[in-house]
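Below: the structure, in structure tokens.
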Amino acid sequence: MRRSYKVKILTLLAMLIPVTVQALPNAKIMGHRWLLSAIKSNRPPSGYLDLNNCKLSKNISDLPADNRTYRISFNENFSYDPGDGSITTIMNILYQQTRNLGGTPVLMSRPATIILTSKPQKESITYQVVMTHNEKTMMQLYNCPWDKAVFLWKPKGSLFN
């Protein structure tokens, strides 16, 4: 009788291991549905976005398309609109750029606002950069596919939330 009890426990464990592995913390966010789930479980993700794999859809500036990688996060603040299901976060960064002044390269930093928006049924996330310099407002809008440009992970937490 003791042996069948052990077999039942081992069988139960064998069935639970795949479920446990899928629920491990630090899971990669694979799209809007995963992002919404992470936020609703109070585990806002962070990671990075690779603009080299994004498409510049609108450029209202004298700046060329950016192809750098930037840190992104939903930790500081975000909003969820139940009407259309969109999730938006706003981040303030220093946009750095090298300019040649009289033949000398000079690193310049400009304050910029990043607006990152995810919507249901979209296979991409929008990354909008807005900055003002010399009383001129500049904006670039990128569409970044979840599978090629967006790398977000849920933070470590309890195994069952």
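FYI, nothing fancy with the structure tokens labels: chains A, B, ... in order, residues from 1 per chain, ligands from 1 as they appear.
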
Can you list, as an MDAnalysis selection string, every residue of range 60-160 of chain A that DSSP puts in alpha helix (DSSP H)? chainID A and resid 146:149

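For the atom pair formed by CA of Asp81 in chain A and CA of Tyr142 in chain A, the distance is 21.0 Å, given to one decimal.
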
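Closest approach to Gln140 in chain A among A:Thr113, A:Asn53, A:Asn77, A:Gln121 is made by A:Thr113 (distances from only C-alpha atoms).
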
Could you give me, as a compact mmCIF listing (two decimals) with N, CA, C and O atoms, in the first residue's frame, the residues within 8 Å of Ala112 in chain A, counting only C-alpha atoms and dropping anything in the same chain fewer than 4 positions from it?
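Heads up, here's the output in out_31.txt:
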```txt
# COMPACT_ATOMS: atom_id res chain seq x y z
N ASN A 92 10.77 60.04 -18.74
CA ASN A 92 11.61 61.18 -19.06
C ASN A 92 13.06 60.73 -19.10
O ASN A 92 13.54 60.09 -18.16
N ILE A 93 13.75 61.05 -20.20
CA ILE A 93 15.14 60.64 -20.38
C ILE A 93 15.96 61.82 -20.85
O ILE A 93 15.43 62.88 -21.18
N LEU A 94 17.27 61.64 -20.90
CA LEU A 94 18.16 62.58 -21.56
C LEU A 94 18.56 61.95 -22.89
O LEU A 94 19.19 60.89 -22.93
N TYR A 95 18.12 62.57 -23.99
CA TYR A 95 18.44 62.09 -25.32
C TYR A 95 19.85 62.56 -25.65
O TYR A 95 20.12 63.77 -25.64
N VAL A 129 8.98 59.68 -29.21
CA VAL A 129 9.96 60.56 -28.58
C VAL A 129 9.55 62.00 -28.85
O VAL A 129 9.34 62.37 -30.02
N VAL A 130 9.42 62.79 -27.79
CA VAL A 130 9.06 64.20 -27.94
C VAL A 130 10.09 65.02 -27.18
O VAL A 130 10.40 64.72 -26.03
N MET A 131 10.66 66.03 -27.85
CA MET A 131 11.60 66.91 -27.17
C MET A 131 11.48 68.31 -27.73
O MET A 131 11.05 68.51 -28.87
N THR A 132 11.85 69.28 -26.90
CA THR A 132 11.84 70.68 -27.30
C THR A 132 13.26 71.20 -27.18
O THR A 132 13.94 70.96 -26.17
```

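The coordinates place CA of Asp62 in chain A at 12.6 Å from CA of Asn134 in chain A.
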
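When the distance limit is 7 Å and only C-alpha atoms are what count, the residues near Leu51 in chain A, minus those fewer than 4 positions from it on the same chain, are Asp66, Asn67, Arg68, Thr69 and Ala149 of chain A.
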